[in-house]
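Peer 1: Hey, dropping target_1.txt in here, compact mmCIF, C-alpha atoms:
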```
# COMPACT_ATOMS: atom_id res chain seq x y z
CA MET L 1 73.64 69.06 105.46
CA ASP L 2 76.43 67.00 103.93
CA LEU L 3 77.31 69.91 101.66
CA LEU L 4 78.28 71.93 104.76
CA TRP L 5 81.04 69.51 105.69
CA VAL L 6 82.25 68.17 102.32
CA PRO L 7 84.90 70.90 101.75
CA PHE L 8 86.32 70.45 105.26
CA ALA L 9 86.29 66.65 105.03
CA GLU L 10 88.00 66.51 101.65
CA PHE L 11 90.60 69.30 101.81
CA ALA L 12 93.20 69.89 104.51
CA PHE L 13 93.58 73.56 103.60
CA MET L 14 89.86 74.09 104.28
CA ARG L 15 90.19 72.42 107.68
CA ARG L 16 93.13 74.64 108.58
CA ALA L 17 91.19 77.69 107.41
CA LEU L 18 88.21 76.68 109.57
CA VAL L 19 90.39 76.18 112.65
CA ALA L 20 91.98 79.59 112.07
CA ALA L 21 88.56 81.23 111.62
CA VAL L 22 87.25 79.69 114.85
CA ALA L 23 90.37 80.75 116.79
CA VAL L 24 90.12 84.32 115.48
CA GLY L 25 86.40 84.35 116.28
CA LEU L 26 87.08 83.43 119.92
CA ILE L 27 89.14 86.57 120.51
CA SER L 28 87.27 88.85 118.12
CA GLY L 29 84.06 88.72 120.16
CA PRO L 30 85.21 89.99 123.57
CA VAL L 31 87.91 92.35 122.29
CA GLY L 32 85.54 93.91 119.76
CA VAL L 33 82.82 94.45 122.38
CA ILE L 34 85.26 96.15 124.78
CA LEU L 35 86.52 98.38 121.95
CA VAL L 36 82.93 99.39 121.16
CA MET L 37 82.17 100.02 124.84
CA ARG L 38 85.23 102.21 125.25
CA ARG L 39 84.47 104.07 122.00
CA MET L 40 87.76 102.87 120.52
CA SER L 41 86.47 101.40 117.26
CA LEU L 42 88.53 103.80 115.15
CA ALA L 43 91.57 103.18 117.34
CA GLY L 44 91.19 99.49 116.58
CA ASP L 45 91.07 100.30 112.87
CA ALA L 46 94.29 102.31 113.23
CA ILE L 47 96.09 99.45 114.95
CA ALA L 48 94.88 97.04 112.27
CA HIS L 49 96.50 99.13 109.54
CA SER L 50 99.69 99.68 111.53
CA VAL L 51 100.70 96.02 111.13
CA LEU L 52 101.60 96.55 107.46
CA PRO L 53 105.21 97.87 107.75
CA GLY L 54 106.22 95.04 110.08
CA ALA L 55 104.59 92.52 107.77
CA ALA L 56 106.39 94.16 104.85
CA VAL L 57 109.75 93.78 106.64
CA GLY L 58 108.93 90.12 107.30
CA TYR L 59 108.11 89.72 103.63
CA LEU L 60 111.40 91.31 102.56
CA LEU L 61 113.34 88.98 104.88
CA ALA L 62 111.46 85.70 104.46
CA GLY L 63 109.06 86.08 101.55
CA MET L 64 105.41 85.07 101.97
CA SER L 65 106.10 83.18 105.19
CA LEU L 66 103.03 83.64 107.39
CA PRO L 67 104.94 83.25 110.69
CA ALA L 68 107.48 85.88 109.60
CA LEU L 69 104.67 88.18 108.49
CA GLY L 70 102.87 87.65 111.79
CA LEU L 71 105.90 88.37 113.96
CA GLY L 72 106.69 91.49 111.94
CA ALA L 73 103.06 92.60 112.20
CA PHE L 74 103.12 92.17 115.98
CA ALA L 75 106.29 94.25 116.36
CA SER L 76 104.98 96.99 114.08
CA ALA L 77 101.55 97.28 115.74
CA LEU L 78 103.10 97.25 119.21
CA ILE L 79 105.52 100.05 118.28
CA VAL L 80 102.70 102.19 116.88
CA ALA L 81 100.54 101.60 119.98
CA LEU L 82 103.43 102.50 122.30
CA LEU L 83 104.32 105.61 120.31
CA ALA L 84 100.70 106.78 120.32
CA SER L 85 100.46 106.19 124.08
CA PHE L 86 103.73 108.09 124.67
CA VAL L 87 102.61 111.07 122.60
CA ALA L 88 99.24 111.14 124.38
CA ASN L 89 100.96 111.17 127.79
CA ALA L 90 103.74 113.62 126.88
CA THR L 91 101.73 116.16 124.85
CA PRO L 92 98.22 117.64 124.88
CA GLN L 93 97.30 115.54 121.85
CA LYS L 94 94.74 112.80 122.49
CA GLU L 95 95.57 109.15 121.86
CA ASP L 96 93.10 108.71 118.99
CA ALA L 97 94.71 111.60 117.07
CA SER L 98 98.23 110.28 117.60
CA LEU L 99 97.10 106.78 116.60
CA ALA L 100 95.64 108.17 113.38
CA ALA L 101 98.88 109.99 112.59
CA PHE L 102 101.14 107.01 113.23
CA TYR L 103 98.89 104.54 111.43
CA LEU L 104 98.86 106.68 108.28
CA ILE L 105 102.66 106.87 108.38
CA ALA L 106 102.86 103.10 108.99
CA LEU L 107 100.45 102.30 106.17
CA ALA L 108 102.36 104.40 103.64
CA LEU L 109 105.69 102.95 104.81
CA GLY L 110 104.38 99.40 104.50
CA VAL L 111 103.10 99.90 100.96
CA MET L 112 106.44 101.46 99.97
CA LEU L 113 108.44 98.58 101.48
CA VAL L 114 106.39 95.97 99.66
CA SER L 115 106.78 97.84 96.38
CA LEU L 116 110.58 97.63 96.66
CA ARG L 117 110.71 93.91 96.02
CA GLY L 118 107.17 92.67 95.68
CA SER L 119 104.46 92.73 93.06
CA SER L 120 100.88 93.93 93.11
CA VAL L 121 99.86 90.35 93.91
CA ASP L 122 102.04 90.33 97.03
CA LEU L 123 100.61 93.68 98.12
CA MET L 124 97.05 92.42 97.64
CA HIS L 125 97.91 89.35 99.72
CA LEU L 126 99.13 91.53 102.60
CA LEU L 127 96.20 93.91 102.37
CA PHE L 128 93.41 91.34 102.00
CA GLY L 129 94.98 88.18 103.39
CA SER L 130 94.52 84.58 102.31
CA ILE L 131 93.02 82.37 104.96
CA LEU L 132 93.17 79.42 102.57
CA ALA L 133 96.99 79.67 102.58
CA ILE L 134 97.24 79.06 106.34
CA ASP L 135 99.81 76.36 107.12
CA GLN L 136 100.72 74.50 110.30
CA SER L 137 103.25 77.06 111.52
CA ALA L 138 100.80 79.91 110.94
CA LEU L 139 98.15 78.00 112.91
CA ILE L 140 100.57 77.71 115.82
CA LEU L 141 101.25 81.45 115.73
CA ILE L 142 97.52 82.19 115.63
CA ALA L 143 96.91 79.82 118.55
CA VAL L 144 99.66 81.46 120.61
CA SER L 145 98.40 84.98 119.82
CA VAL L 146 94.78 84.13 120.67
CA SER L 147 95.75 82.28 123.86
CA LEU L 148 97.91 85.13 125.14
CA ALA L 149 95.22 87.67 124.26
CA LEU L 150 92.54 85.69 126.12
CA LEU L 151 94.78 85.31 129.19
CA LEU L 152 95.57 89.02 129.25
CA LEU L 153 91.93 89.90 128.79
CA ALA L 154 90.91 87.61 131.64
CA ALA L 155 93.54 89.16 133.93
CA ILE L 156 92.32 92.74 133.42
CA TRP L 157 88.65 92.02 132.72
CA ARG L 158 87.12 93.51 135.88
CA VAL L 159 89.21 96.68 135.67
CA LEU L 160 88.30 97.11 131.99
CA LEU L 161 84.59 96.77 132.68
CA ALA L 162 84.71 99.25 135.55
CA SER L 163 86.75 101.78 133.58
CA SER L 164 84.48 101.41 130.53
CA PHE L 165 81.48 102.54 132.55
CA ASP L 166 83.45 105.14 134.55
CA PRO L 167 86.39 106.63 132.55
CA MET L 168 87.77 108.23 135.74
CA PHE L 169 87.99 104.84 137.44
CA LEU L 170 91.50 104.01 136.25
CA GLY L 171 92.82 107.30 137.61
CA GLN L 172 92.10 106.10 141.14
CA PHE L 173 94.61 103.29 140.77
CA GLY L 174 97.64 105.29 139.61
CA ARG L 175 100.24 103.19 137.83
CA SER L 176 98.23 99.96 138.09
CA GLY L 177 95.37 101.62 136.24
CA ARG L 178 97.63 102.79 133.42
CA TRP L 179 99.15 99.32 133.19
CA ALA L 180 95.67 97.82 132.76
CA SER L 181 94.99 100.20 129.87
CA GLN L 182 98.33 99.39 128.25
CA LEU L 183 97.80 95.66 128.69
CA PHE L 184 94.47 96.01 126.92
CA MET L 185 96.22 97.69 124.01
CA LEU L 186 98.63 94.73 123.94
CA THR L 187 95.60 92.43 123.88
CA VAL L 188 94.21 94.35 120.90
CA VAL L 189 97.56 94.07 119.11
CA LEU L 190 97.65 90.29 119.68
CA ALA L 191 94.08 89.99 118.41
CA PHE L 192 94.93 91.91 115.25
CA VAL L 193 98.03 89.79 114.67
CA ALA L 194 95.81 86.70 114.68
CA CYS L 195 93.28 88.42 112.41
CA PHE L 196 96.02 89.64 110.07
CA GLN L 197 97.20 86.08 109.48
CA THR L 198 93.78 85.21 108.08
CA MET L 199 92.23 88.44 106.77
CA GLY L 200 95.07 90.82 105.88
CA THR L 201 95.45 94.38 107.13
CA LEU L 202 92.31 95.82 105.50
CA MET L 203 89.90 92.98 106.25
CA ALA L 204 91.07 92.19 109.80
CA VAL L 205 89.14 94.99 111.46
CA GLY L 206 85.93 93.80 109.80
CA LEU L 207 85.84 90.48 111.64
CA LEU L 208 86.79 92.18 114.90
CA MET L 209 84.26 95.03 114.85
CA LEU L 210 81.20 93.90 112.84
CA PRO L 211 80.18 91.01 115.14
CA ALA L 212 80.72 93.26 118.16
CA VAL L 213 78.52 96.11 116.94
CA ALA L 214 75.91 93.57 115.80
CA ALA L 215 75.81 91.96 119.24
CA ARG L 216 75.14 95.31 120.93
CA PHE L 217 71.79 95.45 119.07
CA TRP L 218 70.70 92.32 120.92
CA SER L 219 72.01 92.67 124.45
CA ARG L 220 73.01 95.35 126.91
CA ASP L 221 74.67 92.81 129.16
CA ILE L 222 78.41 92.72 128.49
CA MET L 223 78.92 88.99 128.95
CA SER L 224 75.95 88.17 126.74
CA ALA L 225 77.17 90.62 124.09
CA CYS L 226 80.66 89.06 124.14
CA LEU L 227 79.22 85.56 123.76
CA LEU L 228 76.92 86.64 120.95
CA ALA L 229 79.71 88.52 119.16
CA THR L 230 81.90 85.41 119.38
CA ILE L 231 79.12 83.28 117.88
CA PHE L 232 78.61 85.80 115.08
CA ALA L 233 82.36 85.85 114.34
CA VAL L 234 82.71 82.05 114.29
CA LEU L 235 79.60 81.64 112.12
CA SER L 236 80.88 84.35 109.77
CA GLY L 237 84.10 82.39 109.31
CA PHE L 238 82.27 79.11 108.73
CA VAL L 239 79.65 80.47 106.32
CA GLY L 240 82.18 82.71 104.57
CA LEU L 241 84.48 79.78 103.86
CA LEU L 242 81.57 77.77 102.44
CA LEU L 243 80.52 80.73 100.31
CA SER L 244 84.03 81.21 98.96
CA TYR L 245 84.34 77.49 98.18
CA TYR L 246 81.02 76.94 96.40
CA ALA L 247 80.80 80.35 94.69
CA SER L 248 84.54 80.67 93.90
CA LEU L 249 84.78 83.99 95.76
CA PRO L 250 87.69 85.49 97.72
CA SER L 251 87.65 84.01 101.21
CA GLY L 252 88.47 87.14 103.25
CA PRO L 253 85.80 89.42 101.75
CA SER L 254 83.28 86.56 101.92
CA ILE L 255 83.83 86.19 105.66
CA VAL L 256 83.59 89.94 106.27
CA LEU L 257 80.43 90.18 104.15
CA CYS L 258 78.86 87.42 106.25
CA ALA L 259 79.76 89.43 109.37
CA GLY L 260 78.20 92.44 107.63
CA GLY L 261 75.05 90.39 107.08
CA PHE L 262 74.82 89.73 110.82
CA TYR L 263 75.25 93.46 111.44
CA LEU L 264 72.57 94.53 108.95
CA SER L 265 70.13 91.93 110.30
CA SER L 266 70.80 93.12 113.85
CA LEU L 267 70.44 96.74 112.77
CA LEU L 268 66.98 95.99 111.44
CA PHE L 269 65.60 93.42 113.88
CA GLY L 270 67.76 93.77 117.02
CA ALA L 271 65.87 93.82 120.32
CA ASN L 272 68.10 96.61 121.65
CA GLY L 273 67.44 99.55 119.30
CA GLY L 274 66.76 97.82 115.98
CA LEU L 275 65.28 100.08 113.32
CA LEU L 276 62.20 97.93 112.77
CA LEU L 277 61.57 97.30 116.47
CA PRO L 278 59.11 100.23 116.86
CA LEU L 279 57.07 98.83 113.94
CA LEU L 280 56.60 95.44 115.57
CA PRO L 281 53.45 94.87 117.66
CA LYS L 282 54.18 95.47 121.33
CA SER L 283 53.37 92.70 123.75
CA ARG L 284 51.38 93.66 126.76
CA HIS L 285 53.02 92.96 130.07
CA ARG L 286 50.96 92.49 133.21
CA GLU L 287 52.14 94.80 135.94
CA SER L 288 53.18 93.04 139.06
```
Could I get this file's structure written as structure tokens?
Peer 2:
Amino acid sequence: MDLLWVPFAEFAFMRRALVAAVAVGLISGPVGVILVMRRMSLAGDAIAHSVLPGAAVGYLLAGMSLPALGLGAFASALIVALLASFVANATPQKEDASLAAFYLIALALGVMLVSLRGSSVDLMHLLFGSILAIDQSALILIAVSVSLALLLLAAIWRVLLASSFDPMFLGQFGRSGRWASQLFMLTVVLAFVACFQTMGTLMAVGLLMLPAVAARFWSRDIMSACLLATIFAVLSGFVGLLLSYYASLPSGPSIVLCAGGFYLSSLLFGANGGLLLPLLPKSRHRES
């Protein structure tokens, strides 16, 4: 058991990485479950990639400063989300299609901006992140992003649940309904900003979505699924950091692979639609 805590007891950068992983896990669970419920998993992926041009601008202005990268990522993702929402409201095109278009433009623009002054190492850092490089200022930015996201999610929680089960529900509330949907998109942006600080643009969506889809194999209850997804995300961060430390592996992919392990296990053995569930002996229930 001591081996589990030695890296965090001896090295400050491992402690900061663990705090960041736990904070990201707290928001990844509920936001990921709501995205899955609303069939917006690909929209979440689009927003995750749209942070790159803003992060690239932050890199050009301040170098590899995580707070500057995070603020630029927030501005970029918010602009893409607002543009996609505007196009969906002003034209016949659906929001997922407009998100896909803008995220592809944003991704290409971000790579081009980084290539102007950066190296392939800098580009890899932005794409895949480096949770072990988290410093005190980046932790503060992550804490602020996660706190704001949780507060926004709590404020619109009941409307989100109702509209997830009944897509026409928001239409009954006019402007207030549209505001709830837009505030949720802002919540998603804040969650991805926190994830980007630790996992980079390509890995961020993994920690947000894999625990959520894994949890849905165990519970149909939304609150239980959110709690389980949060536990999966936090454990993925903890185990992934240990794996990267003892096996000398990249930290971001290690964390996402651990989340993938939870998903594959849930896919096989989950009580709510697992592939091997029909092969297990059925217990006999006495009818009341």
Peer 1: So how far away is atom CA of L:Phe184 from atom CA of L:Gln136, in Å?
Peer 2: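 Computed distance, atom CA of L:Gln136 to atom CA of L:Phe184, equals 27.9 Å.
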Peer 1: So which residues touch L:Leu132 within 7 Å, counting only C-alpha atoms, skipping near sequence neighbours fewer than 5 positions away, as a list in words?
Peer 2: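 The contact residues come out as Phe13, Met14 and Ala17 of chain L.
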Peer 1: Which is closer to L:Ala106 than all the others in L:Val193, L:Leu277, L:Ala55, L:Leu160, using only C-alpha atoms?
Peer 2: L:Ala55
Peer 1: From the set L:Ser224, L:Ser265, L:Ser236, L:Ser251, which residue has the shortest atom-to-atom contact distance to L:Val33, counting all atoms listed in the file?
Peer 2: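 Counting all atoms listed in the file, the residue closest to L:Val33 is L:Ser224.
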Peer 1: Smallest atom-to-atom distance to L:Phe128: which of L:Met209, L:Val159, L:Cys195, L:Ala73, using all atoms listed in the file?
Peer 2: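 Looking only at the distances to L:Phe128, the closest residue turns out to be L:Cys195.
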Peer 1: Select, from L:Phe232, L:Phe217, L:Tyr246, L:Phe196, the residue with the minimum atom-to-atom distance to L:Leu275, counting all atoms listed in the file.
Peer 2: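 Nearest to L:Leu275: L:Phe217.
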Peer 1: Between L:Gln197, L:Ser41, L:Ser76, L:Ser266, which one has atoms that come closest to L:Ile140, using only C-alpha atoms?
Peer 2: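 Once distances to L:Ile140 are computed over only C-alpha atoms, the minimum belongs to L:Gln197.
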Peer 1: Can you work out which one of L:Ala271, L:Val189, L:Met124, L:Val146 has the shortest atom-to-atom distance to L:Arg220, counting only C-alpha atoms?
Peer 2: L:Ala271
Peer 1: Find the residues around L:Leu99 up to 9 Å (all atoms listed in the file counted), leave out those fewer than 4 positions away in its own chain, and share them as JSON, numbers by chain.
Peer 2: {"L": [43, 46, 47, 80, 81, 83, 84, 85, 94, 95, 103, 104]}
Peer 1: I'd like the interatomic distance between atom CA of L:Trp179 and atom CA of L:Val87, to a tenth of an Å.
Peer 2: 16.2 Å
Peer 1: I'd like the interatomic distance between atom CA of L:His125 and atom CA of L:Ala247, to a tenth of an Å.
Peer 2: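 According to the coordinates, atom CA of L:His125 and atom CA of L:Ala247 are separated by 20.0 Å.
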Peer 1: Since the input is missing atoms for stretch 14-25 of chain L, could you rebuild it with N, CA and C atoms and give the result as a compact mmCIF listing (two decimals), in the frame of the given file?
Peer 2:
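The result, stored in out-v2.txt:
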```txt
# COMPACT_ATOMS: atom_id res chain seq x y z
N MET L 14 91.13 73.58 103.78
CA MET L 14 89.86 74.09 104.28
C MET L 14 89.72 73.83 105.78
N ARG L 15 90.23 72.70 106.24
CA ARG L 15 90.19 72.42 107.68
C ARG L 15 91.06 73.40 108.45
N ARG L 16 92.26 73.67 107.91
CA ARG L 16 93.13 74.64 108.58
C ARG L 16 92.50 76.03 108.58
N ALA L 17 91.86 76.39 107.48
CA ALA L 17 91.19 77.69 107.41
C ALA L 17 90.06 77.78 108.43
N LEU L 18 89.32 76.69 108.60
CA LEU L 18 88.21 76.68 109.57
C LEU L 18 88.74 76.80 110.99
N VAL L 19 89.80 76.08 111.31
CA VAL L 19 90.39 76.18 112.65
C VAL L 19 90.87 77.60 112.91
N ALA L 20 91.52 78.21 111.92
CA ALA L 20 91.98 79.59 112.07
C ALA L 20 90.81 80.54 112.27
N ALA L 21 89.73 80.35 111.50
CA ALA L 21 88.56 81.23 111.62
C ALA L 21 87.92 81.11 113.00
N VAL L 22 87.83 79.89 113.52
CA VAL L 22 87.25 79.69 114.85
C VAL L 22 88.12 80.34 115.92
N ALA L 23 89.45 80.15 115.80
CA ALA L 23 90.37 80.75 116.79
C ALA L 23 90.27 82.27 116.78
N VAL L 24 90.24 82.86 115.59
CA VAL L 24 90.12 84.32 115.48
C VAL L 24 88.77 84.78 116.02
N GLY L 25 87.72 84.00 115.78
CA GLY L 25 86.40 84.35 116.28
C GLY L 25 86.34 84.37 117.80
```
